[in-house]
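Reproduced below: input-v7.csv, with CSV, C-alpha atoms.
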```
chain,number,residue,atom,x,y,z
A,1,MET,CA,-6.2,4.5,21.5
A,2,ARG,CA,-9.1,2.0,21.3
A,3,LYS,CA,-8.5,-1.1,19.2
A,4,THR,CA,-10.8,-1.1,16.2
A,5,ARG,CA,-10.2,-4.6,14.9
A,6,GLU,CA,-8.4,-7.9,15.3
A,7,ALA,CA,-6.9,-9.9,12.5
A,8,ARG,CA,-5.5,-13.4,12.1
A,9,TRP,CA,-5.2,-16.4,9.8
A,10,VAL,CA,-7.9,-19.0,10.0
A,11,THR,CA,-8.5,-22.4,8.3
A,12,PHE,CA,-11.6,-24.0,7.1
A,13,PRO,CA,-12.7,-26.9,4.8
A,14,SER,CA,-13.3,-26.6,1.1
A,15,GLY,CA,-14.5,-29.9,-0.2
A,16,SER,CA,-11.9,-32.5,1.1
A,17,ASP,CA,-9.2,-29.8,1.5
A,18,GLU,CA,-8.4,-27.5,4.3
A,19,ILE,CA,-7.6,-24.0,3.1
A,20,ARG,CA,-6.8,-20.8,4.9
A,21,GLY,CA,-7.9,-17.2,4.9
A,22,TYR,CA,-6.9,-13.9,6.4
A,23,LEU,CA,-9.8,-12.8,8.7
A,24,ALA,CA,-10.2,-9.3,10.2
A,25,LEU,CA,-13.0,-8.5,12.6
A,26,PRO,CA,-14.2,-5.2,13.9
A,27,VAL,CA,-14.0,-4.8,17.7
A,28,ARG,CA,-17.5,-3.9,18.9
A,29,PRO,CA,-19.3,-3.7,22.3
A,30,PRO,CA,-21.0,-6.9,23.2
A,31,GLU,CA,-24.4,-5.3,22.9
A,32,ASP,CA,-23.9,-4.3,19.2
A,33,ALA,CA,-25.4,-6.4,16.4
A,34,SER,CA,-23.1,-8.8,14.6
A,35,PRO,CA,-21.3,-7.1,11.6
A,36,PRO,CA,-22.1,-8.1,8.0
A,37,VAL,CA,-19.3,-9.8,6.0
A,38,VAL,CA,-17.1,-9.2,3.0
A,39,VAL,CA,-15.4,-12.1,1.3
A,40,MET,CA,-12.3,-10.8,-0.6
A,41,ALA,CA,-10.8,-12.4,-3.6
A,42,HIS,CA,-7.1,-11.5,-4.1
A,43,GLU,CA,-5.2,-10.7,-7.3
A,44,ASN,CA,-2.8,-13.2,-9.0
A,45,LEU,CA,0.0,-12.4,-6.5
A,46,GLY,CA,-1.9,-14.0,-3.7
A,47,VAL,CA,-2.6,-12.7,-0.2
A,48,THR,CA,0.1,-10.0,-0.2
A,49,ALA,CA,0.9,-7.7,2.7
A,50,HIS,CA,-1.1,-5.1,0.9
A,51,ARG,CA,-4.1,-7.4,0.6
A,52,GLU,CA,-3.9,-8.2,4.3
A,53,ARG,CA,-3.9,-4.5,5.1
A,54,VAL,CA,-7.0,-3.9,2.9
A,55,THR,CA,-8.7,-6.7,4.7
A,56,GLU,CA,-8.0,-4.9,8.0
A,57,LEU,CA,-9.1,-1.6,6.6
A,58,ILE,CA,-12.5,-3.0,5.8
A,59,ALA,CA,-12.8,-4.3,9.4
A,60,ASP,CA,-11.9,-0.8,10.5
A,61,GLU,CA,-15.1,0.3,8.7
A,62,GLY,CA,-17.1,-2.0,10.9
A,63,LEU,CA,-17.4,-5.0,8.5
A,64,ALA,CA,-16.0,-8.4,9.0
A,65,CYS,CA,-13.7,-9.4,6.1
A,66,LEU,CA,-12.2,-12.7,5.0
A,67,THR,CA,-9.6,-12.9,2.2
A,68,VAL,CA,-9.6,-16.5,1.0
A,69,ASP,CA,-6.2,-17.8,0.1
A,70,LEU,CA,-6.9,-19.3,-3.3
A,71,TYR,CA,-3.4,-20.7,-3.4
A,72,SER,CA,-3.7,-22.5,-0.1
A,73,ARG,CA,-3.2,-25.9,-1.7
A,74,ILE,CA,0.2,-24.9,-3.2
A,75,GLY,CA,1.8,-23.2,-0.2
A,76,GLY,CA,0.0,-19.8,-0.2
A,77,ARG,CA,1.8,-18.5,-3.3
A,78,PRO,CA,1.0,-18.6,-7.0
A,79,PRO,CA,3.2,-21.1,-9.1
A,80,GLN,CA,6.8,-20.1,-9.1
A,81,ASP,CA,8.0,-22.3,-12.0
A,82,PHE,CA,7.8,-19.6,-14.7
A,83,THR,CA,10.4,-18.0,-17.0
A,84,THR,CA,8.5,-14.9,-18.2
A,85,PRO,CA,6.1,-12.4,-16.6
A,86,GLU,CA,3.3,-13.6,-19.0
A,87,GLU,CA,3.9,-17.2,-18.0
A,88,ARG,CA,3.7,-16.2,-14.4
A,89,ARG,CA,0.3,-14.6,-14.8
A,90,ALA,CA,-1.1,-17.5,-16.9
A,91,LYS,CA,0.0,-20.1,-14.3
A,92,ALA,CA,-1.4,-17.9,-11.5
A,93,PHE,CA,-4.8,-17.7,-13.2
A,94,LEU,CA,-4.9,-21.4,-14.0
A,95,ALA,CA,-4.1,-22.2,-10.4
A,96,ALA,CA,-7.1,-20.2,-9.2
A,97,ARG,CA,-9.4,-21.1,-12.1
A,98,ASP,CA,-13.2,-20.7,-11.6
A,99,GLU,CA,-13.7,-24.4,-11.1
A,100,ARG,CA,-11.6,-24.4,-7.9
A,101,ALA,CA,-11.7,-20.8,-6.7
A,102,LEU,CA,-15.4,-20.3,-6.7
A,103,PRO,CA,-16.0,-23.2,-4.4
A,104,ASP,CA,-13.3,-21.9,-2.2
A,105,LEU,CA,-15.0,-18.5,-2.0
A,106,GLU,CA,-18.3,-20.2,-1.2
A,107,ALA,CA,-16.5,-22.3,1.5
A,108,GLY,CA,-15.2,-19.0,3.0
A,109,LEU,CA,-18.7,-17.7,3.2
A,110,ASP,CA,-19.8,-21.0,4.8
A,111,TYR,CA,-17.1,-20.6,7.4
A,112,LEU,CA,-18.3,-17.1,8.2
A,113,ALA,CA,-21.9,-18.4,8.5
A,114,GLY,CA,-20.7,-20.9,11.1
A,115,ARG,CA,-19.2,-18.3,13.3
A,116,GLY,CA,-21.3,-16.7,16.1
A,117,ASP,CA,-19.9,-13.3,15.9
A,118,VAL,CA,-20.7,-12.2,12.3
A,119,ASP,CA,-23.9,-12.0,10.2
A,120,ALA,CA,-23.2,-13.9,7.0
A,121,SER,CA,-26.8,-13.4,5.9
A,122,ARG,CA,-25.6,-10.0,4.9
A,123,ALA,CA,-22.6,-10.8,2.6
A,124,ALA,CA,-20.7,-9.1,-0.2
A,125,VAL,CA,-17.7,-10.0,-2.4
A,126,VAL,CA,-14.8,-7.6,-3.3
A,127,GLY,CA,-12.2,-8.8,-5.8
A,128,PHE,CA,-9.1,-7.4,-7.4
A,129,CYS,CA,-7.7,-8.4,-10.9
A,130,LEU,CA,-8.0,-12.2,-10.9
A,131,GLY,CA,-10.3,-11.9,-8.0
A,132,GLY,CA,-12.4,-9.2,-9.7
A,133,GLY,CA,-13.3,-11.7,-12.4
A,134,LEU,CA,-14.1,-14.3,-9.8
A,135,ALA,CA,-16.3,-11.9,-7.9
A,136,LEU,CA,-18.3,-11.2,-11.1
A,137,ALA,CA,-18.6,-14.9,-11.9
A,138,TRP,CA,-19.6,-15.8,-8.3
A,139,ALA,CA,-22.3,-13.1,-8.5
A,140,THR,CA,-23.9,-15.0,-11.4
A,141,ARG,CA,-24.0,-18.3,-9.4
A,142,THR,CA,-25.3,-17.5,-6.0
A,143,ASP,CA,-28.2,-15.7,-4.3
A,144,ARG,CA,-26.2,-15.4,-1.0
A,145,LEU,CA,-24.5,-12.1,-2.0
A,146,ALA,CA,-26.0,-8.7,-1.3
A,147,CYS,CA,-23.6,-7.0,-3.8
A,148,ALA,CA,-20.3,-7.5,-5.6
A,149,VAL,CA,-17.5,-5.0,-6.2
A,150,PRO,CA,-14.9,-6.1,-8.8
A,151,LEU,CA,-11.8,-3.9,-9.3
A,152,TYR,CA,-10.1,-4.2,-12.6
A,153,GLY,CA,-11.3,-7.8,-13.2
A,154,LEU,CA,-10.5,-9.0,-16.7
A,155,PRO,CA,-13.8,-9.0,-18.7
A,156,GLU,CA,-12.2,-11.6,-21.0
A,157,LEU,CA,-9.4,-14.0,-19.9
A,158,PRO,CA,-7.1,-14.8,-22.8
A,159,PRO,CA,-6.7,-18.5,-23.9
A,160,SER,CA,-3.5,-19.0,-21.9
A,161,TYR,CA,-5.3,-18.0,-18.7
A,162,SER,CA,-8.2,-20.4,-19.3
A,163,PRO,CA,-8.2,-24.2,-18.5
A,164,THR,CA,-10.1,-24.8,-21.8
A,165,GLY,CA,-7.4,-23.1,-23.9
A,166,GLN,CA,-10.1,-20.7,-25.2
A,167,VAL,CA,-11.2,-17.2,-24.2
A,168,ARG,CA,-13.1,-17.3,-20.9
A,169,SER,CA,-15.5,-14.4,-21.1
A,170,ARG,CA,-17.2,-12.6,-18.1
A,171,ILE,CA,-19.1,-10.5,-20.6
A,172,THR,CA,-21.2,-13.3,-21.9
A,173,ILE,CA,-22.4,-14.3,-18.4
A,174,ALA,CA,-22.7,-10.7,-16.9
A,175,ASP,CA,-26.4,-10.5,-17.7
A,176,GLY,CA,-27.0,-13.2,-15.2
A,177,VAL,CA,-25.7,-11.5,-12.1
A,178,ARG,CA,-28.0,-11.9,-9.2
A,179,CYS,CA,-27.1,-8.9,-7.1
A,180,PRO,CA,-26.0,-5.3,-7.5
A,181,VAL,CA,-22.6,-4.8,-9.0
A,182,GLN,CA,-20.1,-1.9,-8.9
A,183,CYS,CA,-17.1,-2.2,-11.2
A,184,HIS,CA,-13.9,-0.2,-11.2
A,185,PHE,CA,-11.4,0.1,-14.1
A,186,GLY,CA,-8.4,2.2,-15.0
A,187,GLY,CA,-8.8,4.3,-18.1
A,188,ALA,CA,-5.1,3.6,-18.9
A,189,ASP,CA,-5.1,-0.1,-18.0
A,190,GLU,CA,-2.6,-1.8,-20.2
A,191,VAL,CA,-4.2,-5.2,-19.5
A,192,ILE,CA,-7.9,-4.5,-20.0
A,193,PRO,CA,-9.1,-2.8,-23.3
A,194,LEU,CA,-11.7,-0.1,-22.8
A,195,ASP,CA,-14.0,-1.7,-25.4
A,196,GLN,CA,-14.2,-4.8,-23.2
A,197,VAL,CA,-15.2,-2.5,-20.3
A,198,ALA,CA,-17.9,-0.9,-22.4
A,199,ARG,CA,-19.3,-4.3,-23.5
A,200,LEU,CA,-19.3,-5.6,-19.9
A,201,GLY,CA,-21.3,-2.5,-18.9
A,202,ASP,CA,-23.8,-3.2,-21.6
A,203,ALA,CA,-24.2,-6.8,-20.6
A,204,LEU,CA,-24.5,-6.0,-16.9
A,205,LYS,CA,-27.4,-3.6,-17.6
A,206,LEU,CA,-29.3,-6.5,-19.1
A,207,SER,CA,-29.4,-8.2,-15.7
A,208,GLY,CA,-31.9,-5.8,-14.4
A,209,ARG,CA,-29.8,-5.3,-11.3
A,210,GLU,CA,-28.3,-2.1,-10.1
A,211,THR,CA,-24.9,-1.8,-11.8
A,212,GLU,CA,-22.2,0.8,-11.9
A,213,ILE,CA,-19.1,1.0,-14.1
A,214,HIS,CA,-16.4,3.5,-13.0
A,215,VAL,CA,-13.4,4.3,-15.2
A,216,TYR,CA,-10.6,6.4,-13.8
A,217,GLU,CA,-8.8,8.5,-16.4
A,218,GLY,CA,-5.0,8.0,-16.3
A,219,ALA,CA,-5.1,5.0,-14.0
A,220,GLY,CA,-3.4,1.8,-15.0
A,221,HIS,CA,-3.9,-1.8,-13.9
A,222,ALA,CA,-3.7,-2.4,-10.2
A,223,TYR,CA,-3.9,1.3,-9.5
A,224,HIS,CA,-5.5,0.7,-6.0
A,225,ASP,CA,-2.4,-1.0,-4.7
A,226,ASP,CA,-0.1,1.5,-3.0
A,227,THR,CA,2.9,-0.9,-3.3
A,228,HIS,CA,2.5,-1.2,-7.1
A,229,PRO,CA,4.2,1.0,-9.7
A,230,ASN,CA,0.8,1.8,-11.2
A,231,HIS,CA,-0.6,3.2,-7.9
A,232,HIS,CA,-2.8,6.2,-8.6
A,233,PRO,CA,-3.6,7.9,-5.3
A,234,GLU,CA,-6.6,10.0,-6.5
A,235,ALA,CA,-8.3,7.1,-8.4
A,236,ALA,CA,-7.5,4.7,-5.5
A,237,GLN,CA,-9.1,7.1,-2.9
A,238,LEU,CA,-12.3,7.6,-5.0
A,239,THR,CA,-12.6,3.9,-5.6
A,240,TRP,CA,-12.3,3.2,-1.9
A,241,GLU,CA,-15.0,5.8,-1.1
A,242,ARG,CA,-17.3,4.5,-3.7
A,243,THR,CA,-16.7,0.9,-2.6
A,244,LEU,CA,-17.5,1.6,1.0
A,245,ALA,CA,-20.6,3.6,0.1
A,246,PHE,CA,-21.8,0.7,-2.1
A,247,LEU,CA,-21.2,-1.9,0.7
A,248,ARG,CA,-22.9,0.2,3.3
A,249,LYS,CA,-25.9,0.7,1.0
A,250,HIS,CA,-26.4,-3.0,0.3
A,251,LEU,CA,-25.3,-4.5,3.6
```
Before we go any further, please render this structure as structure tokens.
Amino acid sequence: MRKTREARWVTFPSGSDEIRGYLALPVRPPEDASPPVVVMAHENLGVTAHRERVTELIADEGLACLTVDLYSRIGGRPPQDFTTPEERRAKAFLAARDERALPDLEAGLDYLAGRGDVDASRAAVVGFCLGGGLALAWATRTDRLACAVPLYGLPELPPSYSPTGQVRSRITIADGVRCPVQCHFGGADEVIPLDQVARLGDALKLSGRETEIHVYEGAGHAYHDDTHPNHHPEAAQLTWERTLAFLRKHL
């Protein structure tokens, strides 16, 4: 069977730091054009085995994919000094706050642009949970993205997840996205209230960009992850199909 992709860890600079990412590249004949790129932003668990596999699956579709390890500076894992699940999530979000994570995603795209085997002028971001919110925020700050696909990114981060100690809203900045956006949410998400999803959709429409909001009935948070108790196979499959179609359309 012909090999369709190769994957490995790579390192690159972000400011004065060296960080890492999991890179998957499609295997193509030399005469083929360089593939477009996807920068992936992981959930608050970090670059899990599942996230590595999804990175590889995107490469199997003919797209180069780099999942930036937003916890590179602290050993590749979110903070472990917690006593409750809520404290774990709060510390994970703070360790990958916008002020640090968005420059890291940008650095990942810079790294891809410096390679000779991919086309970083055609770039997208895909993010999950924590990374979904980052994907949306990044789409308001750069013109380098052809599209953004956030999956169950929190429209509003609670105060304990924010470095300011106040709610950090993606809704209030959503009208400033600079590229097409396709969002995915579970209709039974225990983390994200549906009224926030509706307000986010309304705000995105004000951007004048192509926007889609998909809500999957009966799906909980992290439903795309087949290693998670909330995995919802039907919603996950439809999300994947819609995501790939959106990426192909804009890349």
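The spacing separating atom CA of A:Trp240 from atom CA of A:Arg122 amounts to 19.9 Å.
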Nearest residue to A:His231 from the set A:Ala219, A:Ile58, A:Ala139, A:Ile173 (distances using all atoms listed in the file)
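Going through A:Ala219, A:Ile58, A:Ala139, A:Ile173 one by one, the smallest distance to A:His231 is for A:Ala219.
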Nearest to A:Arg8 among A:Thr48, A:Asp117, A:Glu43, A:Thr67, with distances taken over only C-alpha atoms: which residue is it?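 Closest to A:Arg8 of all the choices is A:Thr67.
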Counting only C-alpha atoms, write as a PyMOL selection string all protein and nucleic acid residues lying at most 8 Å from (-6.0, -17.9, 6.8) in the file's frame. chain A and resi 8-11+19-23+67-69
Self-check item: Residue among A:Leu102, A:Arg53, A:Glu61, A:Leu134 lying closest to A:Arg168, counting all atoms listed in the file
Solution: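 Among the listed residues, the smallest separation from A:Arg168 belongs to A:Leu134.
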